[in-house]
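Student: Submitted below is the structure of interest, expressed as structure tokens.
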Amino acid sequence: MKEEKKNKESIYDAIYDVVRCVPKGRITSYGAVAAAIGAASGARVVGYAMNMSFGVKPKVPAHRVVNRNGLLTGKHHFSPPEKMQELLEKEGVKIKDDKVVAFDALFWDPMKELAI
């Protein structure tokens with residue numbers, strides 16, 4: 001059980017390292033982060049890591065991670081839920097109906113940007 005916890009922490013640390021690289025005003029997806037750490041089918045794990053990232057130091061900009069269609073599917077983990085949208089809008093990202101406007105133009109692909 002102890003080894004499983006260590007592996008989980010190690011995976012979360014790798015996820016947090018990638019998410020910390022997402023520039024202000026840009027967004028990425030759970031799947032893109034998963035692919036960048038070598039877990040191509042691990043989008044759900046990235047979501048779990050984002051849910052656990054509040055209070056992690058250095059800070060993890062979890063608000064910059066959305067689903068593959070640009071939807072703010074993780075907003076219910078923010079307090080209040082509107083906080084995710086507020087943080088993105090503060091960085092200049094436009095949101096309409098819980099979806100990133102111009103998703104393709106703002107998408108930050110860690111595989112390309114980090115040359116993984």
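Note on naming: chains are A, B, ... as they come in the structure tokens, residues start from 1 per chain, ligands start from 1 in the order shown.
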List as a list in words the protein and nucleic acid residues near A:Met84, meaning an atom at most 6 Å away when only C-alpha atoms are counted, but skip any in the same chain fewer than 3 places from it.
Tutor: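 After dropping sequence-adjacent residues, the list is His63, Lys75 and Leu87 of chain A.
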Student: Excluding stretch 17-30 of chain A and any residue of its chain fewer than 5 positions from it, enumerate the residues within 6 Å of it, using only C-alpha atoms, and give them as JSON, numbers by chain.
Tutor: {"A": [43, 46, 60, 64, 65, 66, 67, 68, 91, 92, 93, 106, 107, 108]}
Student: DSSP on the backbone, then: every residue of chain A marked helix (DSSP H, G or I), written as a count of residues only.
Tutor: 57
Student: Which neighbours of A:Met52 fall inside 12 Å, counting only C-alpha atoms, when residues of the same chain fewer than 3 positions from it are skipped, and could you give them as JSON, numbers by chain?
Tutor: {"A": [8, 9, 12, 13, 15, 16, 45, 46, 47, 48, 49, 55, 56, 57, 59, 60, 61, 62, 74, 77, 78]}
Student: May I have all residues of chain A that DSSP, computed from the backbone, assigns to strand (DSSP E or B), given as a list of chain:residue names?
Tutor: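 Residues of chain A classed as strand (DSSP E or B): A:Ile27, A:Thr28, A:Ser29, A:Val65, A:Val66, A:Leu71, A:Ile95, A:Lys96, A:Lys99, A:Val100, A:Phe107.
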Student: Keeping only C-alpha atoms, take the residues you just selected and write them out as a compact mmCIF listing (two decimals), in the first residue's frame.
Tutor:
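selection_27.txt written:
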```
# COMPACT_ATOMS: atom_id res chain seq x y z
CA ILE A 27 -5.06 26.31 -21.70
CA THR A 28 -4.33 22.63 -22.09
CA SER A 29 -6.35 19.45 -21.73
CA VAL A 65 -6.63 22.46 -17.60
CA VAL A 66 -9.93 21.78 -19.39
CA LEU A 71 -15.24 22.69 -21.43
CA ILE A 95 -15.46 31.75 -21.73
CA LYS A 96 -18.97 31.29 -23.07
CA LYS A 99 -16.48 26.62 -22.78
CA VAL A 100 -13.21 28.28 -23.84
CA PHE A 107 -4.42 25.40 -26.72
```
Student: What is the distance, in Å and to one decimal place, between atom CA of A:Gly31 and atom CA of A:Asp104?
Tutor: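 Taking atom CA of A:Gly31 and atom CA of A:Asp104, their separation equals 14.6 Å.
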Student: Rank nothing, just name the residue among A:Leu114, A:Ala39, A:Ala32, A:Ile11 nearest to A:Asn69, using only C-alpha atoms.
Tutor: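 Among the listed residues, the smallest separation from A:Asn69 belongs to A:Ala32.
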Student: Tell me which of A:Asp98, A:Ala105, A:Ala115, A:Val33 sits closest to A:Glu82, counting only C-alpha atoms.
Tutor: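 Residue with the minimum atom-to-atom distance to A:Glu82: A:Asp98.
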